[in-house]
$ cat data-v7.cif   # mmCIF, C-alpha atoms
data_structure
#
loop_
_atom_site.label_atom_id
_atom_site.label_comp_id
_atom_site.auth_asym_id
_atom_site.auth_seq_id
_atom_site.Cartn_x
_atom_site.Cartn_y
_atom_site.Cartn_z
CA MET A 1 -8.98 -25.52 22.43
CA LEU A 2 -7.30 -28.54 20.83
CA ALA A 3 -9.55 -28.16 17.81
CA ALA A 4 -8.64 -24.50 17.53
CA ARG A 5 -4.94 -25.34 17.72
CA ALA A 6 -5.33 -28.04 15.07
CA SER A 7 -7.19 -25.60 12.80
CA ALA A 8 -4.51 -22.97 13.30
CA ALA A 9 -1.81 -25.51 12.51
CA ARG A 10 -3.58 -26.56 9.30
CA SER A 11 -4.01 -22.93 8.27
CA ALA A 12 -0.35 -22.14 8.95
CA SER A 13 0.71 -25.22 7.00
CA ARG A 14 -1.48 -24.23 4.03
CA ILE A 15 -0.20 -20.65 4.01
CA ALA A 16 3.40 -21.78 4.30
CA ARG A 17 2.89 -24.28 1.47
CA ASN A 18 1.46 -21.59 -0.82
CA ALA A 19 4.16 -19.14 0.17
CA ARG A 20 6.89 -21.63 -0.75
CA LYS A 21 5.48 -21.74 -4.26
CA PHE A 22 5.64 -17.96 -4.47
CA ALA A 23 9.10 -17.88 -2.92
CA THR A 24 10.49 -19.53 -6.07
CA VAL A 25 11.33 -16.53 -8.24
CA VAL A 26 12.76 -16.86 -11.73
CA ASP A 27 13.93 -14.35 -14.31
CA SER A 28 11.99 -14.47 -17.55
CA ALA A 29 12.28 -11.92 -20.34
CA GLY A 30 14.35 -9.81 -17.98
CA VAL A 31 11.75 -9.55 -15.22
CA LYS A 32 11.27 -11.41 -11.94
CA VAL A 33 8.37 -13.85 -12.14
CA ALA A 34 6.54 -15.60 -9.31
CA ALA A 35 3.29 -17.53 -9.65
CA ALA A 36 1.21 -20.09 -7.81
CA ASP A 37 -1.70 -22.22 -9.00
CA ASN A 38 -3.82 -23.39 -6.08
CA GLY A 39 -6.85 -24.32 -8.13
CA GLU A 40 -8.55 -20.90 -8.13
CA PRO A 41 -11.44 -20.62 -10.61
CA THR A 42 -10.02 -17.34 -11.94
CA THR A 43 -6.56 -16.07 -12.74
CA ALA A 44 -4.88 -12.77 -11.86
CA VAL A 45 -1.62 -11.34 -13.17
CA THR A 46 0.02 -8.20 -11.80
CA PHE A 47 2.95 -6.26 -13.22
CA LEU A 48 4.63 -4.45 -10.33
CA VAL A 49 6.97 -1.61 -11.30
CA LYS A 50 9.26 0.43 -9.12
CA ALA A 51 7.62 3.64 -10.32
CA GLY A 52 5.85 5.18 -7.34
CA SER A 53 5.51 8.87 -6.55
CA ARG A 54 8.73 8.71 -4.50
CA TYR A 55 10.75 8.55 -7.73
CA GLU A 56 8.81 10.97 -9.92
CA PRO A 57 10.83 13.89 -11.33
CA LYS A 58 7.81 16.19 -11.28
CA PRO A 59 4.67 16.28 -9.07
CA GLY A 60 1.80 14.30 -10.55
CA VAL A 61 3.78 12.37 -13.17
CA ALA A 62 3.42 9.00 -11.40
CA HIS A 63 -0.31 9.59 -10.91
CA ALA A 64 -0.73 10.38 -14.60
CA LEU A 65 1.29 7.29 -15.56
CA LYS A 66 -1.07 5.13 -13.49
CA ASN A 67 -4.06 6.52 -15.35
CA TYR A 68 -2.41 6.03 -18.74
CA ALA A 69 -2.69 2.28 -18.14
CA PHE A 70 -4.86 0.50 -20.74
CA LYS A 71 -4.90 3.49 -23.09
CA SER A 72 -3.65 3.36 -26.70
CA THR A 73 -0.68 1.16 -27.54
CA ASP A 74 0.86 0.02 -30.80
CA LYS A 75 -1.35 -3.07 -30.63
CA ARG A 76 -4.71 -1.69 -29.48
CA SER A 77 -6.68 1.49 -29.12
CA THR A 78 -8.24 2.43 -25.79
CA LEU A 79 -11.68 1.44 -27.05
CA GLY A 80 -10.30 -1.82 -28.45
CA THR A 81 -8.82 -2.76 -25.08
CA VAL A 82 -12.11 -1.99 -23.30
CA ARG A 83 -14.20 -3.97 -25.77
CA GLU A 84 -11.94 -7.02 -25.84
CA ALA A 85 -11.57 -7.10 -22.05
CA GLU A 86 -15.35 -7.03 -21.69
CA LEU A 87 -15.71 -9.69 -24.38
CA TYR A 88 -13.52 -11.97 -22.28
CA GLY A 89 -15.28 -10.95 -19.06
CA GLY A 90 -12.07 -9.75 -17.43
CA VAL A 91 -11.26 -6.78 -15.20
CA LEU A 92 -8.30 -4.43 -15.68
CA SER A 93 -7.07 -2.10 -12.93
CA SER A 94 -4.09 -0.01 -11.90
CA SER A 95 -2.94 1.31 -8.54
CA LEU A 96 -0.18 3.54 -7.24
CA SER A 97 1.75 3.65 -3.99
CA ARG A 98 4.70 5.75 -2.95
CA GLU A 99 7.15 3.16 -4.22
CA HIS A 100 5.31 1.02 -6.76
CA LEU A 101 2.93 1.10 -9.70
CA ALA A 102 0.79 -2.00 -10.19
CA VAL A 103 -1.25 -2.94 -13.26
CA THR A 104 -3.48 -5.98 -12.86
CA ALA A 105 -5.68 -8.20 -14.99
CA GLU A 106 -8.22 -10.61 -13.47
CA PHE A 107 -9.88 -13.07 -15.81
CA LEU A 108 -11.23 -16.56 -16.41
CA ARG A 109 -8.81 -19.43 -16.77
CA GLY A 110 -7.77 -19.97 -20.38
CA ASP A 111 -7.72 -16.29 -21.33
CA GLU A 112 -4.25 -15.58 -20.00
CA ALA A 113 -2.62 -15.07 -23.43
CA PHE A 114 -4.78 -12.03 -24.21
CA PHE A 115 -4.55 -10.38 -20.81
CA VAL A 116 -0.81 -10.88 -20.34
CA ASP A 117 -0.35 -9.30 -23.76
CA VAL A 118 -2.52 -6.31 -22.73
CA LEU A 119 -0.39 -5.75 -19.63
CA SER A 120 2.85 -6.20 -21.55
CA SER A 121 1.88 -3.78 -24.29
CA PHE A 122 1.42 -0.98 -21.74
CA LEU A 123 5.03 -1.41 -20.66
CA THR A 124 6.47 -1.84 -24.15
CA SER A 125 4.42 0.24 -26.59
CA ALA A 126 2.14 2.77 -24.84
CA LYS A 127 1.63 5.83 -27.05
CA PHE A 128 1.06 8.48 -24.36
CA THR A 129 -1.01 10.65 -26.68
CA ARG A 130 -1.83 14.24 -25.81
CA TYR A 131 -5.53 13.91 -26.54
CA GLU A 132 -5.85 10.98 -24.12
CA LEU A 133 -4.10 13.05 -21.47
CA SER A 134 -6.56 15.92 -21.86
CA GLU A 135 -9.70 13.83 -22.40
CA TRP A 136 -9.21 10.93 -19.98
CA VAL A 137 -6.03 10.91 -17.93
CA ALA A 138 -6.05 14.47 -16.56
CA PRO A 139 -9.79 14.46 -15.65
CA THR A 140 -9.35 11.11 -13.87
CA CYS A 141 -6.35 12.43 -11.94
CA GLU A 142 -8.33 15.52 -10.97
CA ALA A 143 -11.32 13.46 -9.82
CA GLU A 144 -9.13 11.14 -7.73
CA SER A 145 -7.23 14.07 -6.20
CA THR A 146 -10.49 15.82 -5.33
CA ALA A 147 -11.89 12.65 -3.75
CA ALA A 148 -8.70 12.27 -1.68
CA ILE A 149 -8.88 15.84 -0.41
CA ASN A 150 -12.53 15.39 0.52
CA ASP A 151 -11.82 12.20 2.49
CA PRO A 152 -10.44 13.35 5.87
CA ALA A 153 -8.53 10.13 6.57
CA THR A 154 -6.79 10.08 3.18
CA HIS A 155 -6.13 13.82 3.39
CA ALA A 156 -4.60 13.45 6.86
CA LEU A 157 -2.29 10.62 5.77
CA GLU A 158 -1.13 12.55 2.70
CA LEU A 159 -0.32 15.56 4.86
CA ALA A 160 1.41 13.29 7.38
CA HIS A 161 3.76 11.93 4.71
CA ALA A 162 4.60 15.43 3.52
CA LEU A 163 5.48 16.55 7.06
CA ALA A 164 7.19 13.33 8.07
CA PHE A 165 9.46 12.88 5.05
CA ARG A 166 9.15 16.16 3.06
CA SER A 167 10.47 14.89 -0.29
CA GLY A 168 10.71 11.34 -1.64
CA LEU A 169 8.26 9.41 0.52
CA GLY A 170 6.69 12.79 1.24
CA ASN A 171 5.60 13.13 -2.39
CA SER A 172 1.84 12.75 -2.74
CA ILE A 173 0.49 9.86 -4.78
CA PHE A 174 -2.09 12.30 -6.15
CA ALA A 175 -1.52 14.98 -8.75
CA THR A 176 -1.35 18.46 -7.26
CA PRO A 177 -3.65 21.14 -8.74
CA GLY A 178 -1.65 23.87 -10.41
CA HIS A 179 1.25 21.63 -11.47
CA HIS A 180 1.14 21.05 -15.21
CA VAL A 181 2.05 17.57 -16.42
CA SER A 182 2.53 16.99 -20.14
CA ALA A 183 2.32 13.77 -22.13
CA GLU A 184 6.05 14.13 -22.77
CA ASP A 185 6.71 14.26 -19.01
CA VAL A 186 4.84 11.00 -18.50
CA GLN A 187 6.48 9.32 -21.49
CA ALA A 188 9.94 10.26 -20.25
CA TYR A 189 9.20 8.89 -16.78
CA ALA A 190 7.80 5.67 -18.26
CA ALA A 191 10.94 5.24 -20.39
CA SER A 192 13.09 5.54 -17.28
CA VAL A 193 11.19 2.96 -15.19
CA PHE A 194 9.74 0.46 -17.67
CA GLY A 195 12.58 -1.95 -18.22
CA ALA A 196 14.18 -5.23 -17.24
CA GLY A 197 15.39 -5.25 -13.67
CA ASN A 198 12.69 -2.87 -12.52
CA VAL A 199 9.60 -5.04 -13.01
CA ALA A 200 8.19 -8.06 -11.20
CA VAL A 201 5.27 -10.17 -12.44
CA LEU A 202 3.07 -12.07 -9.99
CA GLY A 203 0.36 -14.52 -10.92
CA THR A 204 -2.29 -16.48 -9.06
CA GLY A 205 -4.34 -19.26 -10.60
CA ILE A 206 -1.67 -19.82 -13.26
CA ALA A 207 1.26 -22.23 -13.49
CA PRO A 208 4.68 -20.54 -13.28
CA ALA A 209 5.88 -22.21 -16.49
CA ALA A 210 2.83 -20.99 -18.41
CA LEU A 211 3.29 -17.42 -17.20
CA GLU A 212 7.01 -17.46 -18.04
CA LYS A 213 6.27 -18.65 -21.59
CA LEU A 214 3.66 -15.94 -22.14
CA LEU A 215 6.03 -13.25 -20.90
CA GLU A 216 8.78 -14.39 -23.22
CA GLN A 217 6.35 -14.06 -26.10
CA SER A 218 4.80 -10.72 -25.14
CA LEU A 219 7.78 -8.87 -23.72
CA GLY A 220 10.37 -10.23 -26.09
CA LYS A 221 13.69 -8.49 -25.59
CA PHE A 222 12.64 -6.16 -22.81
CA ALA A 223 15.01 -3.20 -22.69
CA ALA A 224 17.12 -2.93 -19.55
CA SER A 225 16.41 -0.09 -17.15
CA SER A 226 18.32 1.07 -14.12
CA ALA A 227 16.30 1.27 -10.93
CA PRO A 228 15.08 4.80 -10.20
CA SER A 229 17.13 6.48 -7.52
CA ALA A 230 15.97 8.46 -4.52
CA ALA A 231 17.74 9.90 -1.52
CA PRO A 232 17.52 7.74 1.62
CA ALA A 233 14.39 8.54 3.61
CA ARG A 234 14.82 10.97 6.50
CA TYR A 235 12.19 11.56 9.16
CA PHE A 236 11.38 15.13 10.24
CA GLY A 237 7.90 15.34 11.81
CA GLY A 238 5.84 18.46 12.44
CA GLU A 239 2.32 19.75 12.99
CA THR A 240 -0.30 21.21 10.67
CA ARG A 241 -4.02 21.96 10.74
CA VAL A 242 -6.47 22.09 7.84
CA ASP A 243 -9.95 23.54 8.05
CA THR A 244 -12.49 21.41 6.17
CA HIS A 245 -16.23 20.79 6.29
CA GLY A 246 -18.48 17.84 5.58
CA GLY A 247 -16.56 14.95 7.11
CA PRO A 248 -15.68 13.50 10.50
CA GLN A 249 -13.31 15.44 12.74
CA THR A 250 -9.92 13.81 12.20
CA VAL A 251 -6.58 13.74 13.99
CA PHE A 252 -3.50 11.73 13.06
CA ILE A 253 -0.79 11.16 15.67
CA GLY A 254 2.27 9.72 14.00
CA PHE A 255 5.94 8.90 14.40
CA GLY A 256 8.53 7.85 11.88
CA ALA A 257 11.29 5.26 11.97
CA ALA A 258 14.22 4.99 9.59
CA GLY A 259 15.50 1.68 8.28
CA ALA A 260 13.78 -1.47 7.08
CA PRO A 261 10.33 -2.21 8.53
CA SER A 262 10.59 -3.91 11.91
CA ALA A 263 8.51 -6.70 13.41
CA GLU A 264 8.44 -4.76 16.69
CA LEU A 265 6.38 -1.97 15.15
CA ALA A 266 3.90 -4.49 13.76
CA VAL A 267 3.50 -5.90 17.27
CA LEU A 268 3.05 -2.39 18.70
CA ALA A 269 0.32 -1.65 16.14
CA SER A 270 -1.48 -4.88 17.08
CA HIS A 271 -1.24 -4.08 20.80
CA LEU A 272 -2.80 -0.63 20.38
CA ASP A 273 -5.41 -1.57 17.77
CA PRO A 274 -8.82 -1.37 19.53
CA THR A 275 -10.62 -3.53 16.96
CA PRO A 276 -12.26 -6.36 18.94
CA SER A 277 -11.90 -10.02 18.00
CA VAL A 278 -15.64 -10.52 18.62
CA LYS A 279 -18.08 -8.28 16.79
CA TRP A 280 -20.04 -5.79 18.91
CA SER A 281 -17.80 -6.44 21.89
CA GLN A 282 -15.27 -4.12 23.47
CA GLY A 283 -11.73 -5.25 22.77
CA THR A 284 -9.02 -5.50 25.39
CA SER A 285 -6.79 -2.88 23.78
CA PRO A 286 -5.62 -0.23 26.27
CA ILE A 287 -7.45 2.34 24.13
CA ALA A 288 -10.80 0.56 23.70
CA ALA A 289 -12.44 1.44 27.02
CA SER A 290 -11.69 5.17 26.68
CA VAL A 291 -13.04 5.77 23.18
CA PRO A 292 -16.41 7.62 23.17
CA ALA A 293 -19.31 6.03 21.31
CA GLY A 294 -19.27 6.96 17.63
CA THR A 295 -15.54 7.68 17.68
CA SER A 296 -12.88 5.43 16.18
CA VAL A 297 -9.16 4.95 16.71
CA LYS A 298 -7.20 3.03 14.10
CA ALA A 299 -3.58 1.92 14.36
CA VAL A 300 -1.73 2.75 11.14
CA LEU A 301 1.57 1.16 10.09
CA LEU A 302 2.88 2.06 6.65
CA PRO A 303 6.17 0.27 5.93
CA TYR A 304 8.48 1.28 3.07
CA SER A 305 11.83 -0.01 1.85
CA ASP A 306 13.91 2.19 4.16
CA ALA A 307 11.45 3.82 6.57
CA SER A 308 8.09 3.36 8.29
CA LEU A 309 5.31 5.68 9.34
CA PHE A 310 3.45 4.56 12.44
CA GLY A 311 0.49 6.33 13.98
CA LEU A 312 -3.02 6.44 15.34
CA LEU A 313 -5.87 7.85 13.27
CA VAL A 314 -8.66 9.27 15.42
CA GLN A 315 -12.04 10.20 13.93
CA GLY A 316 -15.30 11.35 15.53
CA GLN A 317 -18.34 13.53 15.04
CA THR A 318 -17.23 16.20 17.48
CA ALA A 319 -13.86 17.74 18.36
CA ALA A 320 -14.52 16.99 22.04
CA ASP A 321 -14.86 13.25 21.36
CA VAL A 322 -11.72 13.31 19.20
CA LYS A 323 -9.84 15.03 22.03
CA THR A 324 -10.97 12.42 24.57
CA ALA A 325 -10.02 9.52 22.30
CA GLY A 326 -6.77 11.25 21.31
CA LYS A 327 -5.70 11.64 24.94
CA ALA A 328 -6.41 7.95 25.56
CA ALA A 329 -4.45 7.00 22.44
CA VAL A 330 -1.40 9.05 23.44
CA ALA A 331 -1.49 7.72 27.00
CA ALA A 332 -1.68 4.15 25.73
CA LEU A 333 1.16 4.77 23.29
CA LYS A 334 3.37 6.16 26.07
CA ALA A 335 2.61 3.19 28.30
CA ALA A 336 3.08 0.64 25.52
CA GLY A 337 6.81 0.35 26.06
CA SER A 338 6.44 -2.01 29.00
CA LEU A 339 4.06 -4.91 28.54
CA LYS A 340 3.36 -7.94 30.67
CA ALA A 341 4.33 -11.27 29.15
CA GLU A 342 0.70 -12.15 28.43
CA GLU A 343 0.05 -8.79 26.74
CA LEU A 344 3.10 -9.19 24.52
CA GLN A 345 2.06 -12.74 23.63
CA LYS A 346 -1.40 -11.51 22.65
CA ALA A 347 0.02 -8.66 20.54
CA VAL A 348 2.39 -11.03 18.74
CA ALA A 349 -0.47 -13.44 18.00
CA LYS A 350 -2.61 -10.61 16.56
CA ALA A 351 0.30 -9.41 14.44
CA LYS A 352 0.91 -12.92 13.12
CA PHE A 353 -2.74 -13.37 12.20
CA SER A 354 -2.82 -10.00 10.44
CA ALA A 355 0.30 -10.87 8.44
CA ALA A 356 -0.88 -14.38 7.58
CA SER A 357 -4.43 -13.37 6.63
CA ALA A 358 -3.03 -10.96 4.04
CA TYR A 359 -2.01 -14.00 2.01
CA ASP A 360 -5.62 -15.20 1.81
CA VAL A 361 -6.68 -12.45 -0.63
CA ARG A 362 -5.04 -11.41 -3.87
CA ASP A 363 -4.60 -7.75 -3.02
CA GLY A 364 -2.97 -8.60 0.28
CA LEU A 365 -0.78 -11.21 -1.37
CA ILE A 366 0.51 -8.75 -3.97
CA ALA A 367 1.05 -6.04 -1.35
CA ALA A 368 2.93 -8.41 0.95
CA LEU A 369 5.00 -10.33 -1.60
CA GLY A 370 5.37 -7.97 -4.56
CA PRO A 371 7.91 -5.52 -3.13
CA LYS A 372 9.95 -8.38 -1.65
CA ILE A 373 10.09 -10.24 -4.96
CA LEU A 374 11.02 -7.05 -6.80
CA SER A 375 13.80 -6.23 -4.35
CA GLY A 376 15.08 -9.80 -4.22
CA THR A 377 14.46 -10.31 -0.50
CA SER A 378 12.74 -13.31 1.08
CA ALA A 379 9.14 -13.63 -0.09
CA SER A 380 8.06 -16.36 2.32
CA VAL A 381 5.31 -15.86 4.86
CA THR A 382 7.10 -18.30 7.12
CA ASP A 383 9.97 -15.82 7.44
CA THR A 384 7.53 -13.04 8.27
CA LEU A 385 5.80 -15.09 10.96
CA SER A 386 9.14 -16.25 12.31
CA SER A 387 10.35 -12.65 12.70
CA LEU A 388 7.21 -11.83 14.69
CA GLU A 389 7.62 -14.88 16.90
CA LYS A 390 11.17 -13.78 17.72
CA VAL A 391 10.11 -10.36 19.06
CA SER A 392 11.38 -10.22 22.63
CA ALA A 393 10.20 -7.96 25.42
CA ALA A 394 13.51 -6.11 25.38
CA ALA A 395 13.49 -5.52 21.60
CA TYR A 396 9.86 -4.46 21.67
CA SER A 397 10.42 -2.02 24.54
CA LYS A 398 13.45 -0.53 22.81
CA ALA A 399 11.55 0.00 19.54
CA ALA A 400 8.58 1.60 21.30
CA SER A 401 10.72 3.97 23.37
CA SER A 402 12.88 4.87 20.37
CA LEU A 403 9.77 5.72 18.37
CA LEU A 404 8.52 8.13 21.03
CA LYS A 405 11.85 9.94 21.16
CA SER A 406 11.35 11.22 17.62
CA LYS A 407 9.41 14.39 16.84
CA PRO A 408 5.71 13.57 16.39
CA THR A 409 3.80 14.16 13.18
CA TYR A 410 0.48 15.69 14.14
CA ILE A 411 -2.32 16.41 11.67
CA ALA A 412 -5.74 17.91 12.40
CA VAL A 413 -8.37 17.95 9.64
CA GLY A 414 -11.81 19.43 10.26
CA ASP A 415 -12.84 22.31 12.51
CA SER A 416 -9.36 23.69 13.17
CA LYS A 417 -10.66 26.12 15.80
CA THR A 418 -11.93 23.38 18.12
CA LEU A 419 -9.78 20.34 17.29
CA PRO A 420 -7.05 19.80 19.90
CA TYR A 421 -3.42 20.77 19.43
CA ALA A 422 -0.69 18.20 19.91
CA ASP A 423 0.28 19.39 23.40
CA GLU A 424 -3.33 19.17 24.53
CA LEU A 425 -3.20 15.41 23.94
CA GLY A 426 -0.03 14.97 25.96
CA LEU A 427 2.52 15.02 23.14
#

$ encode --input "data-v7.cif" --output "structure tokens"
Amino acid sequence: MLAARASAARSASRIARNARKFATVVDSAGVKVAAADNGEPTTAVTFLVKAGSRYEPKPGVAHALKNYAFKSTDKRSTLGTVREAELYGGVLSSSLSREHLAVTAEFLRGDEAFFVDVLSSFLTSAKFTRYELSEWVAPTCEAESTAAINDPATHALELAHALAFRSGLGNSIFATPGHHVSAEDVQAYAASVFGAGNVAVLGTGIAPAALEKLLEQSLGKFAASSAPSAAPARYFGGETRVDTHGGPQTVFIGFGAAGAPSAELAVLASHLDPTPSVKWSQGTSPIAASVPAGTSVKAVLLPYSDASLFGLLVQGQTAADVKTAGKAAVAALKAAGSLKAEELQKAVAKAKFSAASAYDVRDGLIAALGPKILSGTSASVTDTLSSLEKVSAAAYSKAASSLLKSKPTYIAVGDSKTLPYADELGL
């Protein structure tokens, strides 16, 4: 036990030390820059832009903008970018969330000048040609949208956002079939979001001073841009059913909360999560013992700048198994408001580990720190862990009971004739 405590202390110290490096944010070329060099053999640089689907003026524009990344710019053609990136052995990628667009380059140390310039040129001199839209961008958007619809879990979460928030956060991150998006639409949206004050740059495996110097060279006088505006998120809730074939029977039981993400909801998600700490064992979650074999229940917490979507995603091979697991999930959620001291302590510990372990991988690091750096809030993991440690039984109980008072968001995807309705699960 003492060894475990010592190991945990060393891990916490290491994470806190790395986080302090990232917590130092400077403005360079008009953008917020944060980097840390912990001796990694490779380097990664991410440009994070406040350009998610929440802010798009037209459905599908943000999705198309994501897929325009690494296409023709004033400096390089699409083929030129592909060939040079492969020559250097690097990897270029882009991703989209409801609030942010991220473009990332991962590469060997020493090649940062080329890859930072590739990322910068997308923000400063992308051409947004019509032929690239029709030949590459639109087909990619269509393929990704089709894949999302055919994945029951992704489909359920997209529908949940639409019901929970309607517009803004309810906008899908995938282009909607039937909505035409032109190259001019994408170019106009890019012009409104690509600018100083709306971009953060995060680097790992690179010294902050080196990254700042490269940005000053590649971005130059980056034009200022006002942050895109959106109405404050409002939670509505609702119920819908979609008949699909070929995937697991799926139910999502969700609730929304307005305001900044709370530590109490993270603790609630950890308490309900049935994932065991020991592989092949049955966890001690209040849901674990009631889930039929072959059926899964996953706690989902999706935090945004001014709202959160919390829920339980239930998937199984048959509607009967989903109904059994769904009843257990709802019962556990209703009983979660009052925990024994030991149960709360365990949930807090799981939440802390989940938050801290995100900093061990690049994707988790960018997801955890990026939005905070862009918004100017604290980007230290120590603050995150401290907020979890301060969760009291009273605050936790209040958050859980308040969540259940809101109208549920209930989604059923699969055999709509046999999947349970919300009231059949006890909602």

$ residues_around --input "data-v7.cif" --residues "A:Val91" --least-positions-apart "2" --cutoff "8 Å" --atoms "all atoms listed in the file" --output "PDB file with C-alpha atoms, in the coordinates of the input"
ATOM      1  CA  ALA A  85     -11.570  -7.100 -22.050  1.00  0.00           C
ATOM      2  CA  GLU A  86     -15.350  -7.030 -21.690  1.00  0.00           C
ATOM      3  CA  GLY A  89     -15.280 -10.950 -19.060  1.00  0.00           C
ATOM      4  CA  SER A  93      -7.070  -2.100 -12.930  1.00  0.00           C
ATOM      5  CA  ALA A 105      -5.680  -8.200 -14.990  1.00  0.00           C
ATOM      6  CA  GLU A 106      -8.220 -10.610 -13.470  1.00  0.00           C
ATOM      7  CA  PHE A 107      -9.880 -13.070 -15.810  1.00  0.00           C
TER       8      PHE A 107
END

$ resolve_selection --input "data-v7.cif" --expression "the PyMOL selection byres ((chain A and resi 60) around 7)" --output "JSON, numbers by chain"
{"A": [58, 59, 61, 62, 63, 64, 174, 175, 176, 181]}

$ closest_atom_pairs --input "data-v7.cif" --of "stretch 207-265 of chain A" --to "stretch 414-417 of chain A" --cutoff "7 Å" --atoms "only C-alpha atoms" --output "JSON lines"
{"residue": "A:Arg241", "atom": "CA", "partner": "A:Ser416", "partner_atom": "CA", "distance": 6.1}
{"residue": "A:Val242", "atom": "CA", "partner": "A:Ser416", "partner_atom": "CA", "distance": 6.3}
{"residue": "A:Asp243", "atom": "CA", "partner": "A:Gly414", "partner_atom": "CA", "distance": 5.0}
{"residue": "A:Thr244", "atom": "CA", "partner": "A:Gly414", "partner_atom": "CA", "distance": 4.6}
{"residue": "A:His245", "atom": "CA", "partner": "A:Gly414", "partner_atom": "CA", "distance": 6.1}
{"residue": "A:Gln249", "atom": "CA", "partner": "A:Gly414", "partner_atom": "CA", "distance": 4.9}
{"residue": "A:Thr250", "atom": "CA", "partner": "A:Gly414", "partner_atom": "CA", "distance": 6.2}

$ resolve_selection --input "data-v7.cif" --expression "the PyMOL selection byres ((chain A and resi 142) around 12)" --output "tab-separated table (two decimals) with C-alpha atoms, in the frame of the given file"
chain	number	residue	atom	x	y	z
A	60	GLY	CA	1.80	14.30	-10.55
A	63	HIS	CA	-0.31	9.59	-10.91
A	64	ALA	CA	-0.73	10.38	-14.60
A	67	ASN	CA	-4.06	6.52	-15.35
A	133	LEU	CA	-4.10	13.05	-21.47
A	134	SER	CA	-6.56	15.92	-21.86
A	135	GLU	CA	-9.70	13.83	-22.40
A	136	TRP	CA	-9.21	10.93	-19.98
A	137	VAL	CA	-6.03	10.91	-17.93
A	138	ALA	CA	-6.05	14.47	-16.56
A	139	PRO	CA	-9.79	14.46	-15.65
A	140	THR	CA	-9.35	11.11	-13.87
A	141	CYS	CA	-6.35	12.43	-11.94
A	143	ALA	CA	-11.32	13.46	-9.82
A	144	GLU	CA	-9.13	11.14	-7.73
A	145	SER	CA	-7.23	14.07	-6.20
A	146	THR	CA	-10.49	15.82	-5.33
A	147	ALA	CA	-11.89	12.65	-3.75
A	148	ALA	CA	-8.70	12.27	-1.68
A	149	ILE	CA	-8.88	15.84	-0.41
A	174	PHE	CA	-2.09	12.30	-6.15
A	175	ALA	CA	-1.52	14.98	-8.75
A	176	THR	CA	-1.35	18.46	-7.26
A	177	PRO	CA	-3.65	21.14	-8.74
A	178	GLY	CA	-1.65	23.87	-10.41
A	179	HIS	CA	1.25	21.63	-11.47
A	180	HIS	CA	1.14	21.05	-15.21
A	181	VAL	CA	2.05	17.57	-16.42

$ atom_distance --input "data-v7.cif" --atom1 "atom CA of A:Ser97" --atom2 "atom CA of A:Pro261"
16.3 Å

$ atom_distance --input "data-v7.cif" --atom1 "atom CA of A:Gly110" --atom2 "atom CA of A:Asp37"
13.1 Å

$ resolve_selection --input "data-v7.cif" --expression "the PyMOL selection byres ((chain A and resi 265-280) around 8)" --output "PDB file with C-alpha atoms, in the frame of the given file"
ATOM      1  CA  PRO A 261      10.330  -2.210   8.530  1.00  0.00           C
ATOM      2  CA  SER A 262      10.590  -3.910  11.910  1.00  0.00           C
ATOM      3  CA  ALA A 263       8.510  -6.700  13.410  1.00  0.00           C
ATOM      4  CA  GLU A 264       8.440  -4.760  16.690  1.00  0.00           C
ATOM      5  CA  SER A 281     -17.800  -6.440  21.890  1.00  0.00           C
ATOM      6  CA  GLN A 282     -15.270  -4.120  23.470  1.00  0.00           C
ATOM      7  CA  GLY A 283     -11.730  -5.250  22.770  1.00  0.00           C
ATOM      8  CA  THR A 284      -9.020  -5.500  25.390  1.00  0.00           C
ATOM      9  CA  SER A 285      -6.790  -2.880  23.780  1.00  0.00           C
ATOM     10  CA  PRO A 286      -5.620  -0.230  26.270  1.00  0.00           C
ATOM     11  CA  ILE A 287      -7.450   2.340  24.130  1.00  0.00           C
ATOM     12  CA  ALA A 288     -10.800   0.560  23.700  1.00  0.00           C
ATOM     13  CA  VAL A 297      -9.160   4.950  16.710  1.00  0.00           C
ATOM     14  CA  LYS A 298      -7.200   3.030  14.100  1.00  0.00           C
ATOM     15  CA  ALA A 299      -3.580   1.920  14.360  1.00  0.00           C
ATOM     16  CA  VAL A 300      -1.730   2.750  11.140  1.00  0.00           C
ATOM     17  CA  LEU A 301       1.570   1.160  10.090  1.00  0.00           C
ATOM     18  CA  PHE A 310       3.450   4.560  12.440  1.00  0.00           C
ATOM     19  CA  ALA A 332      -1.680   4.150  25.730  1.00  0.00           C
ATOM     20  CA  LEU A 333       1.160   4.770  23.290  1.00  0.00           C
ATOM     21  CA  ALA A 336       3.080   0.640  25.520  1.00  0.00           C
ATOM     22  CA  GLU A 343       0.050  -8.790  26.740  1.00  0.00           C
ATOM     23  CA  LEU A 344       3.100  -9.190  24.520  1.00  0.00           C
ATOM     24  CA  LYS A 346      -1.400 -11.510  22.650  1.00  0.00           C
ATOM     25  CA  ALA A 347       0.020  -8.660  20.540  1.00  0.00           C
ATOM     26  CA  VAL A 348       2.390 -11.030  18.740  1.00  0.00           C
ATOM     27  CA  LYS A 350      -2.610 -10.610  16.560  1.00  0.00           C
ATOM     28  CA  ALA A 351       0.300  -9.410  14.440  1.00  0.00           C
ATOM     29  CA  LEU A 388       7.210 -11.830  14.690  1.00  0.00           C
ATOM     30  CA  TYR A 396       9.860  -4.460  21.670  1.00  0.00           C
ATOM     31  CA  ALA A 399      11.550   0.000  19.540  1.00  0.00           C
ATOM     32  CA  ALA A 400       8.580   1.600  21.300  1.00  0.00           C
TER      33      ALA A 400
END

$ atom_distance --input "data-v7.cif" --atom1 "atom CA of A:Ser125" --atom2 "atom CA of A:Ile373"
24.7 Å
